[in-house]
file my_file-v2.json (JSON, C-alpha atoms)
[["chain", "number", "residue", "atom", "x", "y", "z"],
["D", 1, "MET", "CA", 118.34, 121.51, 155.92],
["D", 2, "SER", "CA", 120.36, 118.42, 156.60],
["D", 3, "GLU", "CA", 120.87, 115.85, 153.93],
["D", 4, "ASN", "CA", 122.07, 113.32, 156.49],
["D", 5, "ARG", "CA", 118.64, 112.21, 157.61],
["D", 6, "ALA", "CA", 119.23, 108.52, 158.27],
["D", 7, "THR", "CA", 121.29, 107.02, 161.05],
["D", 8, "PRO", "CA", 122.46, 103.38, 160.95],
["D", 9, "GLU", "CA", 120.80, 101.03, 163.38],
["D", 10, "THR", "CA", 121.67, 97.43, 164.05],
["D", 11, "THR", "CA", 118.36, 96.26, 165.47],
["D", 12, "ALA", "CA", 115.04, 97.81, 166.32],
["D", 13, "PRO", "CA", 113.60, 95.98, 169.36],
["D", 14, "GLU", "CA", 110.15, 97.44, 168.91],
["D", 15, "ALA", "CA", 110.11, 96.28, 165.31],
["D", 16, "ASP", "CA", 111.13, 92.76, 166.32],
["D", 17, "ALA", "CA", 108.32, 92.71, 168.85],
["D", 18, "LEU", "CA", 105.77, 93.53, 166.19],
["D", 19, "GLY", "CA", 106.56, 90.29, 164.40],
["D", 20, "ALA", "CA", 106.59, 89.39, 160.75],
["D", 21, "ASP", "CA", 102.81, 89.63, 160.34],
["D", 22, "ALA", "CA", 103.12, 93.42, 160.38],
["D", 23, "ALA", "CA", 105.76, 93.43, 157.70],
["D", 24, "HIS", "CA", 103.84, 93.89, 154.51],
["D", 25, "ALA", "CA", 102.56, 96.92, 152.69],
["D", 26, "ARG", "CA", 99.38, 97.44, 150.84],
["D", 27, "GLY", "CA", 98.68, 97.52, 147.26],
["D", 28, "PRO", "CA", 98.44, 101.02, 146.04],
["D", 29, "ALA", "CA", 97.21, 101.28, 143.94],
["D", 30, "THR", "CA", 100.71, 101.51, 144.86],
["D", 31, "HIS", "CA", 100.27, 104.21, 147.45],
["D", 32, "THR", "CA", 98.63, 106.54, 144.97],
["D", 33, "ASP", "CA", 95.64, 108.83, 144.79],
["D", 34, "GLY", "CA", 94.50, 106.96, 141.68],
["D", 35, "ARG", "CA", 93.86, 103.30, 141.18],
["D", 36, "ALA", "CA", 95.90, 100.95, 139.11],
["D", 37, "ALA", "CA", 94.88, 97.52, 140.33],
["D", 38, "GLY", "CA", 95.10, 96.23, 136.81],
["D", 39, "GLU", "CA", 98.81, 96.99, 136.85],
["D", 40, "ARG", "CA", 99.42, 94.53, 139.67],
["D", 41, "ALA", "CA", 99.50, 90.80, 139.23],
["D", 42, "ALA", "CA", 97.82, 88.61, 141.81],
["D", 43, "SER", "CA", 100.23, 86.63, 143.94],
["D", 44, "PRO", "CA", 100.10, 82.94, 144.72],
["D", 45, "ALA", "CA", 99.49, 81.86, 148.29],
["D", 46, "PRO", "CA", 102.46, 82.26, 150.65],
["D", 47, "GLU", "CA", 104.74, 79.29, 151.04],
["D", 48, "ALA", "CA", 104.68, 77.36, 154.30],
["D", 49, "GLY", "CA", 106.42, 79.30, 157.03],
["D", 50, "GLU", "CA", 106.18, 82.66, 155.27],
["D", 51, "PRO", "CA", 104.31, 85.44, 157.09],
["D", 52, "ARG", "CA", 100.80, 86.29, 156.03],
["D", 53, "PRO", "CA", 100.83, 89.58, 154.09],
["D", 54, "LEU", "CA", 98.78, 92.59, 155.05],
["D", 55, "GLY", "CA", 98.56, 93.38, 151.37],
["D", 56, "ALA", "CA", 100.68, 94.16, 148.36],
["D", 57, "THR", "CA", 104.05, 95.65, 149.03],
["D", 58, "ALA", "CA", 105.15, 98.76, 147.25],
["D", 59, "VAL", "CA", 108.24, 99.01, 145.12],
["D", 60, "SER", "CA", 109.54, 101.88, 143.05],
["D", 61, "ALA", "CA", 108.79, 101.97, 139.35],
["D", 62, "ALA", "CA", 111.96, 103.82, 138.40],
["D", 63, "VAL", "CA", 112.76, 101.24, 135.73],
["D", 64, "PRO", "CA", 111.80, 101.90, 132.11],
["D", 65, "ARG", "CA", 110.04, 99.23, 130.09],
["D", 66, "ARG", "CA", 113.25, 97.96, 128.51],
["D", 67, "GLY", "CA", 114.65, 97.15, 131.93],
["D", 68, "ARG", "CA", 117.42, 99.74, 132.20],
["D", 69, "PRO", "CA", 117.53, 101.67, 135.49],
["D", 70, "MET", "CA", 116.16, 105.18, 135.11],
["D", 71, "PHE", "CA", 118.69, 106.59, 137.58],
["D", 72, "PRO", "CA", 121.75, 104.33, 137.32],
["D", 73, "ASP", "CA", 123.99, 106.94, 138.91],
["D", 74, "GLY", "CA", 121.91, 107.09, 142.09],
["D", 75, "THR", "CA", 120.60, 110.59, 141.42],
["D", 76, "GLY", "CA", 116.96, 109.51, 141.76],
["D", 77, "PRO", "CA", 114.73, 106.94, 143.49],
["D", 78, "ALA", "CA", 115.90, 103.34, 143.42],
["D", 79, "ALA", "CA", 113.95, 100.73, 141.49],
["D", 80, "ASP", "CA", 113.59, 98.43, 144.51],
["D", 81, "PRO", "CA", 115.08, 100.07, 147.58],
["D", 82, "ALA", "CA", 114.40, 97.27, 150.08],
["D", 83, "GLY", "CA", 115.18, 94.48, 147.63],
["D", 84, "SER", "CA", 115.55, 90.87, 148.61],
["D", 85, "HIS", "CA", 117.99, 91.75, 151.40],
["D", 86, "HIS", "CA", 115.21, 92.87, 153.70],
["D", 87, "GLU", "CA", 112.72, 90.03, 153.88],
["D", 88, "ARG", "CA", 111.48, 87.10, 151.86],
["D", 89, "ARG", "CA", 107.91, 87.21, 150.66],
["D", 90, "ILE", "CA", 105.75, 86.91, 147.61],
["D", 91, "ARG", "CA", 104.73, 90.29, 146.26],
["D", 92, "SER", "CA", 101.29, 90.71, 144.82],
["D", 93, "PHE", "CA", 101.92, 93.27, 142.07],
["D", 94, "GLN", "CA", 104.36, 94.30, 139.41],
["D", 95, "PRO", "CA", 106.36, 97.55, 139.68],
["D", 96, "ARG", "CA", 104.59, 100.42, 137.92],
["D", 97, "ARG", "CA", 106.32, 101.60, 134.76],
["D", 98, "SER", "CA", 104.53, 104.80, 133.92],
["D", 99, "ARG", "CA", 106.21, 107.33, 131.66],
["D", 100, "VAL", "CA", 108.22, 110.00, 133.44],
["D", 101, "SER", "CA", 108.20, 113.38, 131.72],
["D", 102, "PRO", "CA", 111.46, 115.29, 131.17],
["D", 103, "SER", "CA", 110.50, 117.87, 133.81],
["D", 104, "GLN", "CA", 109.68, 115.15, 136.35],
["D", 105, "ALA", "CA", 112.95, 113.34, 135.67],
["D", 106, "ASP", "CA", 114.84, 116.62, 135.97],
["D", 107, "ALA", "CA", 113.23, 117.34, 139.34],
["D", 108, "LEU", "CA", 114.12, 113.88, 140.59],
["D", 109, "ARG", "CA", 117.74, 114.15, 139.48],
["D", 110, "ARG", "CA", 118.24, 117.58, 141.01],
["D", 111, "LEU", "CA", 116.18, 117.31, 144.20],
["D", 112, "TRP", "CA", 116.21, 113.66, 145.24],
["D", 113, "SER", "CA", 119.46, 113.86, 147.20],
["D", 114, "LYS", "CA", 118.03, 116.72, 149.27],
["D", 115, "TRP", "CA", 114.32, 115.94, 149.59],
["D", 116, "GLY", "CA", 114.03, 112.23, 148.83],
["D", 117, "VAL", "CA", 114.77, 109.02, 150.69],
["D", 118, "ASP", "CA", 114.65, 105.38, 149.58],
["D", 119, "ILE", "CA", 112.92, 102.99, 151.94],
["D", 120, "ASP", "CA", 115.62, 100.35, 152.26],
["D", 121, "GLY", "CA", 114.81, 99.22, 155.79],
["D", 122, "LEU", "CA", 118.45, 99.48, 156.81],
["D", 123, "SER", "CA", 118.55, 102.81, 158.62],
["D", 124, "ARG", "CA", 116.36, 105.01, 160.76],
["D", 125, "ILE", "CA", 115.30, 108.39, 159.45],
["D", 126, "ASP", "CA", 116.15, 111.34, 161.65],
["D", 127, "LEU", "CA", 112.94, 113.29, 161.11],
["D", 128, "ASP", "CA", 114.18, 116.30, 163.08],
["D", 129, "ALA", "CA", 117.17, 116.68, 160.78],
["D", 130, "PHE", "CA", 115.22, 115.82, 157.62],
["D", 131, "PHE", "CA", 112.51, 118.41, 158.36],
["D", 132, "ASP", "CA", 114.52, 121.02, 160.27],
["D", 133, "GLY", "CA", 112.62, 120.33, 163.49],
["D", 134, "LEU", "CA", 109.06, 120.52, 162.13],
["D", 135, "PRO", "CA", 106.39, 118.08, 163.37],
["D", 136, "VAL", "CA", 105.88, 115.50, 160.63],
["D", 137, "VAL", "CA", 102.76, 113.96, 159.13],
["D", 138, "LEU", "CA", 103.12, 110.80, 157.04],
["D", 139, "GLU", "CA", 100.95, 110.69, 153.92],
["D", 140, "ILE", "CA", 100.74, 107.26, 152.30],
["D", 141, "GLY", "CA", 99.82, 107.57, 148.64],
["D", 142, "PHE", "CA", 99.95, 111.09, 147.23],
["D", 143, "GLY", "CA", 99.33, 110.36, 143.55],
["D", 144, "MET", "CA", 100.65, 113.24, 141.48],
["D", 145, "GLY", "CA", 101.08, 115.38, 144.58],
["D", 146, "GLU", "CA", 98.76, 118.31, 143.85],
["D", 147, "ALA", "CA", 96.75, 117.93, 147.07],
["D", 148, "THR", "CA", 99.91, 117.32, 149.09],
["D", 149, "ALA", "CA", 101.43, 120.53, 147.78],
["D", 150, "GLN", "CA", 98.27, 122.46, 148.63],
["D", 151, "MET", "CA", 98.27, 121.14, 152.20],
["D", 152, "ALA", "CA", 101.96, 121.93, 152.60],
["D", 153, "ALA", "CA", 101.41, 125.49, 151.37],
["D", 154, "ALA", "CA", 98.47, 125.99, 153.73],
["D", 155, "ASP", "CA", 100.41, 124.71, 156.76],
["D", 156, "PRO", "CA", 104.12, 125.53, 156.42],
["D", 157, "ALA", "CA", 104.69, 124.76, 160.12],
["D", 158, "THR", "CA", 104.04, 121.04, 159.49],
["D", 159, "GLY", "CA", 106.29, 118.74, 157.52],
["D", 160, "ILE", "CA", 104.74, 116.22, 155.13],
["D", 161, "LEU", "CA", 106.54, 112.97, 154.41],
["D", 162, "GLY", "CA", 104.83, 111.62, 151.31],
["D", 163, "CYS", "CA", 105.29, 107.89, 150.71],
["D", 164, "ASP", "CA", 104.61, 106.56, 147.22],
["D", 165, "VAL", "CA", 106.10, 104.36, 144.53],
["D", 166, "HIS", "CA", 104.79, 106.13, 141.43],
["D", 167, "THR", "CA", 107.88, 107.73, 139.90],
["D", 168, "PRO", "CA", 106.05, 110.38, 137.82],
["D", 169, "GLY", "CA", 104.16, 111.44, 140.93],
["D", 170, "GLN", "CA", 107.37, 111.63, 142.95],
["D", 171, "GLY", "CA", 108.95, 113.87, 140.34],
["D", 172, "ASN", "CA", 105.82, 115.98, 140.00],
["D", 173, "LEU", "CA", 105.57, 116.58, 143.74],
["D", 174, "LEU", "CA", 109.22, 117.56, 144.02],
["D", 175, "GLY", "CA", 108.76, 119.95, 141.11],
["D", 176, "LEU", "CA", 105.69, 121.50, 142.75],
["D", 177, "ALA", "CA", 107.59, 121.89, 146.02],
["D", 178, "GLU", "CA", 110.45, 123.68, 144.30],
["D", 179, "ARG", "CA", 108.30, 125.97, 142.16],
["D", 180, "ASN", "CA", 106.13, 127.00, 145.09],
["D", 181, "GLY", "CA", 108.91, 127.34, 147.64],
["D", 182, "LEU", "CA", 107.56, 124.51, 149.82],
["D", 183, "SER", "CA", 110.45, 123.49, 152.04],
["D", 184, "ASN", "CA", 108.24, 121.28, 154.25],
["D", 185, "ILE", "CA", 107.78, 118.40, 151.76],
["D", 186, "ARG", "CA", 109.89, 115.24, 151.57],
["D", 187, "VAL", "CA", 109.32, 112.12, 149.45],
["D", 188, "ALA", "CA", 109.87, 108.51, 150.56],
["D", 189, "ASN", "CA", 110.15, 105.86, 147.86],
["D", 190, "GLY", "CA", 109.07, 102.30, 148.64],
["D", 191, "ASP", "CA", 107.11, 100.13, 151.04],
["D", 192, "ALA", "CA", 105.16, 102.05, 153.66],
["D", 193, "ILE", "CA", 105.18, 99.10, 156.04],
["D", 194, "ILE", "CA", 108.99, 98.89, 155.99],
["D", 195, "LEU", "CA", 109.11, 102.66, 156.48],
["D", 196, "LEU", "CA", 106.90, 102.48, 159.57],
["D", 197, "ARG", "CA", 108.37, 99.34, 161.04],
["D", 198, "GLU", "CA", 112.08, 99.80, 160.42],
["D", 199, "MET", "CA", 112.80, 103.46, 159.66],
["D", 200, "LEU", "CA", 110.60, 105.59, 161.92],
["D", 201, "ALA", "CA", 111.00, 105.84, 165.68],
["D", 202, "PRO", "CA", 108.10, 105.16, 168.05],
["D", 203, "GLY", "CA", 106.05, 108.27, 168.73],
["D", 204, "SER", "CA", 107.80, 110.27, 166.01],
["D", 205, "LEU", "CA", 104.82, 111.21, 163.82],
["D", 206, "ALA", "CA", 102.36, 114.04, 164.34],
["D", 207, "GLY", "CA", 99.81, 112.45, 162.03],
["D", 208, "LEU", "CA", 98.96, 109.84, 159.41],
["D", 209, "ARG", "CA", 97.01, 110.44, 156.19],
["D", 210, "VAL", "CA", 95.66, 107.76, 153.87],
["D", 211, "TYR", "CA", 93.55, 109.28, 151.11],
["D", 212, "PHE", "CA", 91.75, 107.11, 148.55],
["D", 213, "PRO", "CA", 93.85, 103.95, 148.78],
["D", 214, "ASP", "CA", 93.12, 101.14, 146.37],
["D", 215, "PRO", "CA", 89.84, 99.57, 147.63],
["D", 216, "TRP", "CA", 90.58, 96.14, 146.11],
["D", 217, "PRO", "CA", 86.82, 95.66, 145.59],
["D", 218, "LYS", "CA", 86.81, 91.92, 144.88],
["D", 219, "LYS", "CA", 86.29, 89.86, 148.01],
["D", 220, "ARG", "CA", 89.28, 87.63, 147.35],
["D", 221, "HIS", "CA", 91.48, 90.75, 147.22],
["D", 222, "HIS", "CA", 90.29, 92.32, 150.48],
["D", 223, "LYS", "CA", 93.38, 90.98, 152.24],
["D", 224, "ARG", "CA", 95.45, 93.39, 150.15],
["D", 225, "ARG", "CA", 93.77, 96.47, 151.54],
["D", 226, "LEU", "CA", 96.04, 98.72, 153.55],
["D", 227, "VAL", "CA", 93.74, 99.62, 156.44],
["D", 228, "GLN", "CA", 93.67, 96.40, 158.42],
["D", 229, "PRO", "CA", 94.14, 95.76, 162.16],
["D", 230, "GLU", "CA", 97.84, 94.84, 161.86],
["D", 231, "PHE", "CA", 98.66, 97.95, 159.86],
["D", 232, "ILE", "CA", 96.81, 100.30, 162.21],
["D", 233, "ALA", "CA", 98.41, 98.68, 165.26],
["D", 234, "LEU", "CA", 101.85, 99.20, 163.71],
["D", 235, "ALA", "CA", 101.14, 102.76, 162.60],
["D", 236, "SER", "CA", 99.78, 103.67, 166.02],
["D", 237, "THR", "CA", 103.12, 102.87, 167.66],
["D", 238, "ARG", "CA", 104.77, 105.54, 165.49],
["D", 239, "LEU", "CA", 102.22, 108.24, 166.39],
["D", 240, "ALA", "CA", 102.81, 110.75, 169.14],
["D", 241, "PRO", "CA", 100.01, 111.31, 171.69],
["D", 242, "GLY", "CA", 97.38, 113.53, 170.10],
["D", 243, "ALA", "CA", 98.45, 112.67, 166.55],
["D", 244, "LEU", "CA", 95.64, 112.68, 164.00],
["D", 245, "VAL", "CA", 94.82, 109.70, 161.79],
["D", 246, "HIS", "CA", 92.86, 110.82, 158.72],
["D", 247, "CYS", "CA", 91.53, 108.37, 156.15],
["D", 248, "ALA", "CA", 89.26, 109.03, 153.18],
["D", 249, "THR", "CA", 87.67, 106.79, 150.57],
["D", 250, "ASP", "CA", 84.85, 106.90, 148.05],
["D", 251, "TRP", "CA", 84.33, 103.12, 148.22],
["D", 252, "GLU", "CA", 81.61, 102.60, 150.85],
["D", 253, "PRO", "CA", 82.42, 98.98, 151.79],
["D", 254, "TYR", "CA", 86.02, 100.02, 152.38],
["D", 255, "ALA", "CA", 84.85, 102.98, 154.45],
["D", 256, "GLU", "CA", 82.91, 100.57, 156.62],
["D", 257, "GLN", "CA", 86.01, 98.43, 157.06],
["D", 258, "MET", "CA", 88.11, 101.49, 157.89],
["D", 259, "LEU", "CA", 85.61, 102.59, 160.54],
["D", 260, "GLU", "CA", 85.51, 99.12, 162.07],
["D", 261, "VAL", "CA", 89.30, 98.71, 162.13],
["D", 262, "LEU", "CA", 90.06, 102.18, 163.46],
["D", 263, "SER", "CA", 87.34, 101.94, 166.12],
["D", 264, "ALA", "CA", 88.74, 98.61, 167.32],
["D", 265, "GLU", "CA", 92.26, 99.99, 167.87],
["D", 266, "PRO", "CA", 92.43, 100.77, 171.62],
["D", 267, "THR", "CA", 95.08, 103.47, 171.22],
["D", 268, "LEU", "CA", 92.81, 105.57, 168.98],
["D", 269, "GLU", "CA", 89.65, 107.54, 169.64],
["D", 270, "ASN", "CA", 87.11, 108.69, 167.06],
["D", 271, "LEU", "CA", 86.63, 112.45, 166.96],
["D", 272, "HIS", "CA", 83.11, 112.03, 165.55],
["D", 273, "PRO", "CA", 80.22, 109.62, 166.07],
["D", 274, "GLY", "CA", 81.01, 107.59, 162.98],
["D", 275, "TYR", "CA", 82.24, 109.31, 159.83],
["D", 276, "ALA", "CA", 83.59, 112.85, 159.89],
["D", 277, "PRO", "CA", 82.74, 115.81, 157.66],
["D", 278, "ARG", "CA", 85.50, 116.57, 155.18],
["D", 279, "PRO", "CA", 87.93, 118.86, 157.02],
["D", 280, "ASP", "CA", 88.91, 122.11, 155.36],
["D", 281, "PHE", "CA", 92.58, 121.13, 155.28],
["D", 282, "ARG", "CA", 91.98, 118.21, 152.91],
["D", 283, "PRO", "CA", 91.73, 119.61, 149.37],
["D", 284, "LEU", "CA", 89.31, 118.20, 146.86],
["D", 285, "THR", "CA", 91.49, 115.99, 144.68],
["D", 286, "ARG", "CA", 91.07, 115.33, 140.98],
["D", 287, "PHE", "CA", 90.42, 111.67, 141.68],
["D", 288, "GLU", "CA", 87.84, 112.54, 144.31],
["D", 289, "GLY", "CA", 86.07, 114.81, 141.84],
["D", 290, "GLN", "CA", 85.88, 111.98, 139.35],
["D", 291, "GLY", "CA", 84.30, 109.77, 141.99],
["D", 292, "LEU", "CA", 81.77, 112.42, 142.92],
["D", 293, "ASP", "CA", 80.86, 112.81, 139.25],
["D", 294, "LYS", "CA", 80.08, 109.09, 139.22],
["D", 295, "GLY", "CA", 77.81, 109.43, 142.23],
["D", 296, "HIS", "CA", 80.24, 108.02, 144.77],
["D", 297, "VAL", "CA", 79.94, 109.13, 148.39],
["D", 298, "VAL", "CA", 83.21, 110.17, 150.01],
["D", 299, "HIS", "CA", 83.72, 109.23, 153.64],
["D", 300, "ASP", "CA", 86.32, 110.85, 155.91],
["D", 301, "LEU", "CA", 87.46, 109.31, 159.17],
["D", 302, "LEU", "CA", 89.29, 111.30, 161.86],
["D", 303, "PHE", "CA", 90.83, 109.50, 164.83],
["D", 304, "ARG", "CA", 93.28, 110.72, 167.44],
["D", 305, "ARG", "CA", 96.09, 108.87, 169.20],
["D", 306, "ARG", "CA", 95.28, 108.64, 172.88],
["D", 307, "GLY", "CA", 97.70, 110.09, 175.37]]

call {"tool": "encode", "arguments": {"input": "my_file-v2.json", "output": "structure tokens"}}
result
Amino acid sequence: MSENRATPETTAPEADALGADAAHARGPATHTDGRAAGERAASPAPEAGEPRPLGATAVSAAVPRRGRPMFPDGTGPAADPAGSHHERRIRSFQPRRSRVSPSQADALRRLWSKWGVDIDGLSRIDLDAFFDGLPVVLEIGFGMGEATAQMAAADPATGILGCDVHTPGQGNLLGLAERNGLSNIRVANGDAIILLREMLAPGSLAGLRVYFPDPWPKKRHHKRRLVQPEFIALASTRLAPGALVHCATDWEPYAEQMLEVLSAEPTLENLHPGYAPRPDFRPLTRFEGQGLDKGHVVHDLLFRRRG
């Protein structure tokens, strides 16, 4: 497989046309299968003239608590790949600084140059080269990667580009891919909005998966949720005709918002009258099991990009 997956690009006209309002990523729980809202600090209101955020942006947590870079030699994910060079805005959370195990750090150091990419917003990813010609599904928020690895093993003819900012999860997923011989997994580190807007070509994705994003349950935090009209409109431009959009949440008010937002996007059609039954290809995750144990109801939504 090619390690030269990004090609420089001076401007992206379709990205400029989207405008700054589509520039901001959600809070992940920093793109993760778990929730860590308490790890993010609330942001003050944007200054005059700054674009309104879709939600919290995502930055890598590859910085230990004492402030020294975890991968100073560039052998792993960058601490803040987009940095201040990309756009000015107030971020609504702090980078996550979870402990990375020795095995996870080893996987990152050995495999990042081959299977990882930092979302710096400065180059376009050549998905054909990065995935050896496979159709590619973008998964935003894979947590520790167990479910992602299961889906990759069950469907080796589809590439999965997992976007997250949780360094232990990135290392864990790369380790799972190596141990199980899964050559169809790649990991993107950073802001999913910058990835979609600046680094992926229109019509280049075969699908989009958003499983159990942070529901931001307090009303004043709803603006930080990922699945909002601006995000779906942006994501839809990167989907090929027939591409599947699959969302899942165990937070019912968020499920209602997802259904409303997805149904209102004219380029998408619902494959079911309302919510969908859980498809066989989505594994039961550890986080989902915890929610079910608490009596939560999980809702799946399956939409398709119109031709």

call {"tool": "closest_residue", "arguments": {"input": "my_file-v2.json", "among": "D:Asp191, D:Asp118, D:Asp132, D:Glu288", "to": "Thr249 of chain D", "atoms": "all atoms listed in the file"}}
result
D:Glu288

call {"tool": "residues_around", "arguments": {"input": "my_file-v2.json", "residues": "segment 236-248 of chain D", "least_positions_apart": "6", "cutoff": "8 Å", "atoms": "all atoms listed in the file", "output": "list of chain:residue names"}}
result
D:Leu196, D:Leu200, D:Ala201, D:Pro202, D:Gly203, D:Ser204, D:Leu205, D:Ala206, D:Gly207, D:Leu208, D:Arg209, D:Val210, D:Tyr211, D:Phe212, D:Ala255, D:Met258, D:Thr267, D:Leu268, D:Val298, D:His299, D:Asp300, D:Leu301, D:Leu302, D:Phe303, D:Arg304, D:Arg305, D:Arg306, D:Gly307

call {"tool": "write_last_selection", "arguments": {"input": "my_file-v2.json", "atoms": "C-alpha atoms", "output": "short mmCIF file (atom, residue, chain, number, x, y, z; two decimals), keeping the file's coordinate frame"}}
result
data_model
loop_
_atom_site.label_atom_id
_atom_site.label_comp_id
_atom_site.auth_asym_id
_atom_site.auth_seq_id
_atom_site.Cartn_x
_atom_site.Cartn_y
_atom_site.Cartn_z
CA LEU D 196 106.90 102.48 159.57
CA LEU D 200 110.60 105.59 161.92
CA ALA D 201 111.00 105.84 165.68
CA PRO D 202 108.10 105.16 168.05
CA GLY D 203 106.05 108.27 168.73
CA SER D 204 107.80 110.27 166.01
CA LEU D 205 104.82 111.21 163.82
CA ALA D 206 102.36 114.04 164.34
CA GLY D 207 99.81 112.45 162.03
CA LEU D 208 98.96 109.84 159.41
CA ARG D 209 97.01 110.44 156.19
CA VAL D 210 95.66 107.76 153.87
CA TYR D 211 93.55 109.28 151.11
CA PHE D 212 91.75 107.11 148.55
CA ALA D 255 84.85 102.98 154.45
CA MET D 258 88.11 101.49 157.89
CA THR D 267 95.08 103.47 171.22
CA LEU D 268 92.81 105.57 168.98
CA VAL D 298 83.21 110.17 150.01
CA HIS D 299 83.72 109.23 153.64
CA ASP D 300 86.32 110.85 155.91
CA LEU D 301 87.46 109.31 159.17
CA LEU D 302 89.29 111.30 161.86
CA PHE D 303 90.83 109.50 164.83
CA ARG D 304 93.28 110.72 167.44
CA ARG D 305 96.09 108.87 169.20
CA ARG D 306 95.28 108.64 172.88
CA GLY D 307 97.70 110.09 175.37
#

call {"tool": "atom_distance", "arguments": {"input": "my_file-v2.json", "atom1": "atom CA of Asp164 of chain D", "atom2": "atom CA of Gly145 of chain D"}}
result
9.9 Å

call {"tool": "closest_residue", "arguments": {"input": "my_file-v2.json", "among": "D:Gln290, D:Asn184, D:Asn189, D:Thr285", "to": "Val117 of chain D", "atoms": "only C-alpha atoms"}}
result
D:Asn189

call {"tool": "residues_around", "arguments": {"input": "my_file-v2.json", "residues": "segment 98-104 of chain D", "least_positions_apart": "4", "cutoff": "8 Å", "atoms": "all atoms listed in the file", "output": "MDAnalysis selection string"}}
result
chainID D and resid 61 64 108 166:168 170:172 175

call {"tool": "write_last_selection", "arguments": {"input": "my_file-v2.json", "atoms": "C-alpha atoms", "output": "JSON list (two decimals), keeping the file's coordinate frame"}}
result
[["chain", "number", "residue", "atom", "x", "y", "z"],
["D", 61, "ALA", "CA", 108.79, 101.97, 139.35],
["D", 64, "PRO", "CA", 111.80, 101.90, 132.11],
["D", 108, "LEU", "CA", 114.12, 113.88, 140.59],
["D", 166, "HIS", "CA", 104.79, 106.13, 141.43],
["D", 167, "THR", "CA", 107.88, 107.73, 139.90],
["D", 168, "PRO", "CA", 106.05, 110.38, 137.82],
["D", 170, "GLN", "CA", 107.37, 111.63, 142.95],
["D", 171, "GLY", "CA", 108.95, 113.87, 140.34],
["D", 172, "ASN", "CA", 105.82, 115.98, 140.00],
["D", 175, "GLY", "CA", 108.76, 119.95, 141.11]]

call {"tool": "atom_distance", "arguments": {"input": "my_file-v2.json", "atom1": "atom CA of Ser123 of chain D", "atom2": "atom CA of Met199 of chain D"}}
result
5.9 Å

call {"tool": "atom_distance", "arguments": {"input": "my_file-v2.json", "atom1": "atom CA of Trp112 of chain D", "atom2": "atom CA of Leu284 of chain D"}}
result
27.3 Å
